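A quick write-up on the structure given underneath.
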Amino acid sequence: MRHRIVPVLLALAVVILTLSSCATSVSVDYYRPSEIDMGRYRTVAVASCVPFKGFHAPPFHVRTVDGPSSTWSLVSSGYTASLAADVADYATQSLLDKLEKTGFFSIIPPAVSDGLITLSRMGHPIRDEVSDYGIDAFIVPRITAMDVNEYISSDRVYVTDYTKTGPDGQPLRVARYRYYLTQTVSVVYSYTVIDAQTMTVYATRNFSDKAEYTTEISSSFFTAPPVMRYFRTMIDGITRLAAWQLAPSRDSLKVDLMKNKPKSEAAEVAYELVDDGAIMQAVSIFRDCWETEQHLPSGYNWALLSATRGDLDGAVSILDDVLACYDSGEAEDLRHTLDRLRNLTSLAKAQMDGTGSGSNYTDASGSIFSVVMGE
């Protein structure tokens, strides 16, 4: 009986230690500035994505690369000649969706944008139309390259065939083949931001992605998976990053409270209040403990909880007072972190207000839309 109790007691001790060692953490919200300052370009005309013009129609059947795999020489390809147009159409909608979710832009849809771009390419001035729609910038996405490679290969394996025996009466090991379809897809994508007033390039970004998928052929009715699903995944990842580059976003950082060491009995209840979500009450207790006891963890936690309530300036000021009394690495690290978040938030809000220091990243001349579209 004793041997059964000891493992239980050990397991219980581990659980207690684990629970007691878990630090209470809180989230500090802040704003992250976008890589490209679009504060002056809040109304954007998004064009339809330009498809890759060099894409070739697929063979009717997937190629086989060895003798055994020729058994599957009639497997139809996983895409059609319309793939380039389908990918571009999806890329258009994906970018629109991601930009709309930022809540940062007023978006003029491709139905309008494409018409204005066509007029400009034909040599017609579009200044009046740009003014009428209030367009600050055009965003022109483009698929500059894409490729698909499909092939079927075989893999020889040895298995035991219990229906056949050798001279020694033992089951024979016989060769069998497994067959695999490999599909490799790649895409190169770019978008260009064009100042609608000056018709110069404000910013351009390029992306590339590649993926490989292998599917075992396990049925005589096997058909190649459509590769469009793979392109959707890649495009969604790219446009998500594009939106992150173009619009400031809200983010959060989890930070642990400083443990109650040295222990203050008065501060102990504040930790429980934080766990219960009663932040305001906890702030009051930590503040009192700092002001009456100069309790280091309380000063630290007062500053941290002030930051969770959006008062980054106040939090940094509290930590300055704490650091004037204590040489604390933890407090110094928190001050550095909160100061960084404060600076990021300040930059992001300047972008939101249109008061950032945005300037043209690149320039171009001639027929700007023709250049951007690769014509």
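Simple scheme: letters A, B, ... for chains in structure tokens order, numbers from 1 for residues in each chain, numbers from 1 for ligands in the order shown.
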Query - Who sits within 12 Å of Arg121 in chain A, only C-alpha atoms, same chain under 6 positions skipped, as a list in words - result: Asp114, Gly115, Met199, Gly366, Ser367, Ile368, Phe369, Ser370, Val371, Val372, Met373 and Glu375 of chain A
If you run DSSP on the backbone, which residues of range 76-258 of chain A are strand (DSSP E or B), as a VMD selection string?
chain A and resid 76 106 to 108 137 to 165 171 to 195 201 to 217 249 to 256
Could you give me, as a list in words, the residues within 10 Å of Leu241 in chain A, counting only C-alpha atoms and dropping anything in the same chain fewer than 4 positions from it?
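Near neighbours after the sequence-gap exclusion: Leu95, Lys98, Phe207, Ile235, Asp236, Gly237, Gln245 and Leu246 of chain A.
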Just to be explicit: take each residue in the selection above, keep N, CA, C and O atoms, and write the result as a short mmCIF file (atom, residue, chain, number, x, y, z; two decimals), in the first residue's frame.
```cif
data_model
loop_
_atom_site.label_atom_id
_atom_site.label_comp_id
_atom_site.auth_asym_id
_atom_site.auth_seq_id
_atom_site.Cartn_x
_atom_site.Cartn_y
_atom_site.Cartn_z
N LEU A 95 -6.78 40.83 -51.28
CA LEU A 95 -6.21 42.11 -50.85
C LEU A 95 -7.30 43.06 -50.37
O LEU A 95 -7.14 43.74 -49.33
N LYS A 98 -8.38 41.99 -46.86
CA LYS A 98 -7.39 42.29 -45.81
C LYS A 98 -7.32 43.79 -45.53
O LYS A 98 -7.19 44.21 -44.37
N PHE A 207 6.91 40.02 -53.11
CA PHE A 207 6.81 38.83 -52.28
C PHE A 207 6.95 37.59 -53.17
O PHE A 207 6.57 37.61 -54.34
N ILE A 235 -1.48 33.17 -51.40
CA ILE A 235 -1.95 34.55 -51.63
C ILE A 235 -2.48 35.16 -50.34
O ILE A 235 -2.21 36.33 -50.03
N ASP A 236 -3.24 34.39 -49.57
CA ASP A 236 -3.78 34.93 -48.31
C ASP A 236 -2.65 35.33 -47.36
O ASP A 236 -2.74 36.35 -46.67
N GLY A 237 -1.60 34.53 -47.31
CA GLY A 237 -0.46 34.88 -46.47
C GLY A 237 0.22 36.16 -46.93
O GLY A 237 0.60 37.01 -46.13
N GLN A 245 1.79 45.79 -43.70
CA GLN A 245 2.77 46.80 -44.12
C GLN A 245 2.13 48.16 -44.36
O GLN A 245 2.78 49.20 -44.19
N LEU A 246 0.87 48.17 -44.74
CA LEU A 246 0.22 49.41 -45.18
C LEU A 246 -0.60 50.10 -44.11
O LEU A 246 -0.86 51.31 -44.22
#
```
With only C-alpha atoms as the atoms that count, which of A:Leu296, A:Ala81, A:Val130, A:Ala45 lies nearest to Ala324 in chain A?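 Of A:Leu296, A:Ala81, A:Val130, A:Ala45, the one nearest Ala324 in chain A, counting only C-alpha atoms, is A:Leu296.
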Could you name the residues that touch Gly310 in chain A at 10 Å or less, counting only C-alpha atoms, but leaving out those on the same chain fewer than 4 positions away, as a PyMOL selection string?
chain A and resi 28-30+305-306+314-315+342
Nearest to Ser249 in chain A, chosen from A:Ala85, A:Ala348, A:Leu273, A:Ile143, with only C-alpha atoms counted in the distances:
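Among the listed residues, A:Ala348 lies closest to Ser249 in chain A.
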**Item:** Non-local contacts of Ser219 in chain A (12 Å; only C-alpha atoms; under 2 positions in same chain excluded) as a PyMOL selection string
**Value:** chain A and resi 72+75+178-180+215-217+221-224
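Residue nearest Ser218 in chain A within the list A:Tyr177, A:Tyr90, A:Phe231, A:Tyr300: A:Tyr177 [criterion: smallest interatomic distance, only C-alpha atoms].
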Please, which residues of range 45-142 of chain A, numbered as in this document, come out alpha helix (DSSP H) from DSSP, as an MDAnalysis selection string?
chainID A and resid 83:102 110:121 127:133
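Comparing A:Gln183, A:Ser346, A:Thr43, A:Gln294 by their smallest distance to Leu323 in chain A, the closest is A:Gln294 (using only C-alpha atoms).
Each of A:Val62, A:Leu119, A:Val26, A:Ala47 was checked against Ile107 in chain A using only C-alpha atoms; the smallest atom-to-atom distance is that of A:Ala47.
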Checklist line | Selection: 9 Å around range 209-211 of chain A, only C-alpha atoms, excl. self and same-chain fewer than 4 positions, as a list in words | finding: Gln183, Thr184, Val185, Ser186, Val187, Val188, Tyr189, Tyr230, Met234, Ile235 and Ile238 of chain A
I need the residues from that last selection saved to file as a PDB file, in the first residue's frame (with all heavy atoms), if you can.
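After the write, selection-v8.pdb holds the following:
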```
ATOM      1  N   GLN A 183       3.155  17.862 -56.307  1.00  0.00           N
ATOM      2  CA  GLN A 183       2.745  19.126 -56.922  1.00  0.00           C
ATOM      3  C   GLN A 183       3.539  20.259 -56.271  1.00  0.00           C
ATOM      4  O   GLN A 183       3.451  20.465 -55.062  1.00  0.00           O
ATOM      5  CB  GLN A 183       1.244  19.362 -56.742  1.00  0.00           C
ATOM      6  CG  GLN A 183       0.370  18.335 -57.444  1.00  0.00           C
ATOM      7  CD  GLN A 183      -1.104  18.467 -57.069  1.00  0.00           C
ATOM      8  OE1 GLN A 183      -1.457  18.338 -55.901  1.00  0.00           O
ATOM      9  NE2 GLN A 183      -1.940  18.717 -58.051  1.00  0.00           N
ATOM     10  N   THR A 184       4.310  20.966 -57.060  1.00  0.00           N
ATOM     11  CA  THR A 184       5.080  22.103 -56.572  1.00  0.00           C
ATOM     12  C   THR A 184       4.515  23.368 -57.198  1.00  0.00           C
ATOM     13  O   THR A 184       4.352  23.453 -58.416  1.00  0.00           O
ATOM     14  CB  THR A 184       6.565  21.969 -56.943  1.00  0.00           C
ATOM     15  OG1 THR A 184       7.070  20.737 -56.418  1.00  0.00           O
ATOM     16  CG2 THR A 184       7.375  23.114 -56.359  1.00  0.00           C
ATOM     17  N   VAL A 185       4.201  24.355 -56.357  1.00  0.00           N
ATOM     18  CA  VAL A 185       3.612  25.603 -56.848  1.00  0.00           C
ATOM     19  C   VAL A 185       4.440  26.775 -56.331  1.00  0.00           C
ATOM     20  O   VAL A 185       5.006  26.723 -55.235  1.00  0.00           O
ATOM     21  CB  VAL A 185       2.141  25.748 -56.392  1.00  0.00           C
ATOM     22  CG1 VAL A 185       1.277  24.677 -57.027  1.00  0.00           C
ATOM     23  CG2 VAL A 185       2.032  25.684 -54.873  1.00  0.00           C
ATOM     24  N   SER A 186       4.507  27.822 -57.111  1.00  0.00           N
ATOM     25  CA  SER A 186       5.244  29.018 -56.694  1.00  0.00           C
ATOM     26  C   SER A 186       4.555  30.254 -57.259  1.00  0.00           C
ATOM     27  O   SER A 186       3.860  30.188 -58.285  1.00  0.00           O
ATOM     28  CB  SER A 186       6.697  28.971 -57.172  1.00  0.00           C
ATOM     29  OG  SER A 186       6.767  28.938 -58.581  1.00  0.00           O
ATOM     30  N   VAL A 187       4.755  31.374 -56.576  1.00  0.00           N
ATOM     31  CA  VAL A 187       4.153  32.626 -57.027  1.00  0.00           C
ATOM     32  C   VAL A 187       5.045  33.787 -56.620  1.00  0.00           C
ATOM     33  O   VAL A 187       5.707  33.733 -55.573  1.00  0.00           O
ATOM     34  CB  VAL A 187       2.729  32.799 -56.435  1.00  0.00           C
ATOM     35  CG1 VAL A 187       2.777  32.958 -54.913  1.00  0.00           C
ATOM     36  CG2 VAL A 187       2.005  33.974 -57.065  1.00  0.00           C
ATOM     37  N   VAL A 188       5.094  34.802 -57.465  1.00  0.00           N
ATOM     38  CA  VAL A 188       5.769  36.060 -57.152  1.00  0.00           C
ATOM     39  C   VAL A 188       4.729  37.160 -57.300  1.00  0.00           C
ATOM     40  O   VAL A 188       4.069  37.263 -58.336  1.00  0.00           O
ATOM     41  CB  VAL A 188       6.971  36.320 -58.081  1.00  0.00           C
ATOM     42  CG1 VAL A 188       7.646  37.645 -57.713  1.00  0.00           C
ATOM     43  CG2 VAL A 188       7.969  35.172 -58.003  1.00  0.00           C
ATOM     44  N   TYR A 189       4.581  37.950 -56.260  1.00  0.00           N
ATOM     45  CA  TYR A 189       3.497  38.941 -56.177  1.00  0.00           C
ATOM     46  C   TYR A 189       4.101  40.294 -55.823  1.00  0.00           C
ATOM     47  O   TYR A 189       5.074  40.379 -55.067  1.00  0.00           O
ATOM     48  CB  TYR A 189       2.519  38.484 -55.095  1.00  0.00           C
ATOM     49  CG  TYR A 189       1.406  39.440 -54.727  1.00  0.00           C
ATOM     50  CD1 TYR A 189       0.123  39.266 -55.220  1.00  0.00           C
ATOM     51  CD2 TYR A 189       1.625  40.495 -53.837  1.00  0.00           C
ATOM     52  CE1 TYR A 189      -0.915  40.117 -54.841  1.00  0.00           C
ATOM     53  CE2 TYR A 189       0.597  41.348 -53.460  1.00  0.00           C
ATOM     54  CZ  TYR A 189      -0.672  41.156 -53.970  1.00  0.00           C
ATOM     55  OH  TYR A 189      -1.693  41.997 -53.595  1.00  0.00           O
ATOM     56  N   TYR A 230      -3.782  25.582 -53.156  1.00  0.00           N
ATOM     57  CA  TYR A 230      -2.452  25.930 -52.663  1.00  0.00           C
ATOM     58  C   TYR A 230      -2.135  27.398 -52.936  1.00  0.00           C
ATOM     59  O   TYR A 230      -1.526  28.075 -52.099  1.00  0.00           O
ATOM     60  CB  TYR A 230      -1.400  25.035 -53.311  1.00  0.00           C
ATOM     61  CG  TYR A 230      -1.711  23.557 -53.246  1.00  0.00           C
ATOM     62  CD1 TYR A 230      -1.493  22.721 -54.345  1.00  0.00           C
ATOM     63  CD2 TYR A 230      -2.235  22.988 -52.086  1.00  0.00           C
ATOM     64  CE1 TYR A 230      -1.776  21.357 -54.293  1.00  0.00           C
ATOM     65  CE2 TYR A 230      -2.532  21.627 -52.026  1.00  0.00           C
ATOM     66  CZ  TYR A 230      -2.299  20.822 -53.133  1.00  0.00           C
ATOM     67  OH  TYR A 230      -2.583  19.475 -53.079  1.00  0.00           O
ATOM     68  N   MET A 234      -1.176  30.605 -50.274  1.00  0.00           N
ATOM     69  CA  MET A 234      -0.026  31.490 -50.439  1.00  0.00           C
ATOM     70  C   MET A 234      -0.464  32.948 -50.584  1.00  0.00           C
ATOM     71  O   MET A 234       0.121  33.850 -49.981  1.00  0.00           O
ATOM     72  CB  MET A 234       0.809  31.047 -51.645  1.00  0.00           C
ATOM     73  CG  MET A 234       1.506  29.707 -51.464  1.00  0.00           C
ATOM     74  SD  MET A 234       2.743  29.338 -52.754  1.00  0.00           S
ATOM     75  CE  MET A 234       1.702  29.213 -54.206  1.00  0.00           C
ATOM     76  N   ILE A 235      -1.479  33.174 -51.400  1.00  0.00           N
ATOM     77  CA  ILE A 235      -1.948  34.547 -51.632  1.00  0.00           C
ATOM     78  C   ILE A 235      -2.482  35.160 -50.343  1.00  0.00           C
ATOM     79  O   ILE A 235      -2.210  36.332 -50.033  1.00  0.00           O
ATOM     80  CB  ILE A 235      -3.017  34.569 -52.740  1.00  0.00           C
ATOM     81  CG1 ILE A 235      -2.395  34.228 -54.097  1.00  0.00           C
ATOM     82  CG2 ILE A 235      -3.705  35.935 -52.792  1.00  0.00           C
ATOM     83  CD1 ILE A 235      -1.360  35.222 -54.578  1.00  0.00           C
ATOM     84  N   ILE A 238       0.339  36.317 -48.248  1.00  0.00           N
ATOM     85  CA  ILE A 238       0.994  37.501 -48.807  1.00  0.00           C
ATOM     86  C   ILE A 238       0.160  38.754 -48.576  1.00  0.00           C
ATOM     87  O   ILE A 238       0.672  39.794 -48.154  1.00  0.00           O
ATOM     88  CB  ILE A 238       1.259  37.284 -50.309  1.00  0.00           C
ATOM     89  CG1 ILE A 238       2.388  36.258 -50.507  1.00  0.00           C
ATOM     90  CG2 ILE A 238       1.604  38.599 -51.001  1.00  0.00           C
ATOM     91  CD1 ILE A 238       2.570  35.813 -51.945  1.00  0.00           C
TER      92      ILE A 238
END
```
Find the residue from A:Leu312, A:Leu304, A:Leu334, A:Leu181 that sits nearest to Val65 in chain A; use only C-alpha atoms when measuring.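 Selected residue with least distance to Val65 in chain A: A:Leu181.
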Practice task
Determine, counting only C-alpha atoms, which protein, DNA and RNA residues have an atom within 9 Å of an atom of Gly354 in chain A; residues of the same chain fewer than 3 positions away are not included. Present the result as a list in words.
Solution key: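 Counting only C-alpha atoms, the residues come to Asp37, Met38, Gly39, Arg40, Tyr41, Arg42, Lys349, Ala350, Gln351, Ser357 and Gly358 of chain A.
One finds CA of Ser48 in chain A at 20.3 Å from CA of Arg127 in chain A.
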Worksheet item: Please, what distance in Å, to one decimal, runs between CA of Val269 in chain A and CA of Gly299 in chain A?
Response: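 Computed distance, CA of Val269 in chain A to CA of Gly299 in chain A, equals 15.1 Å.
Rounded to one decimal, CA of Ile139 in chain A and CA of Ile194 in chain A lie 6.4 Å from each other.
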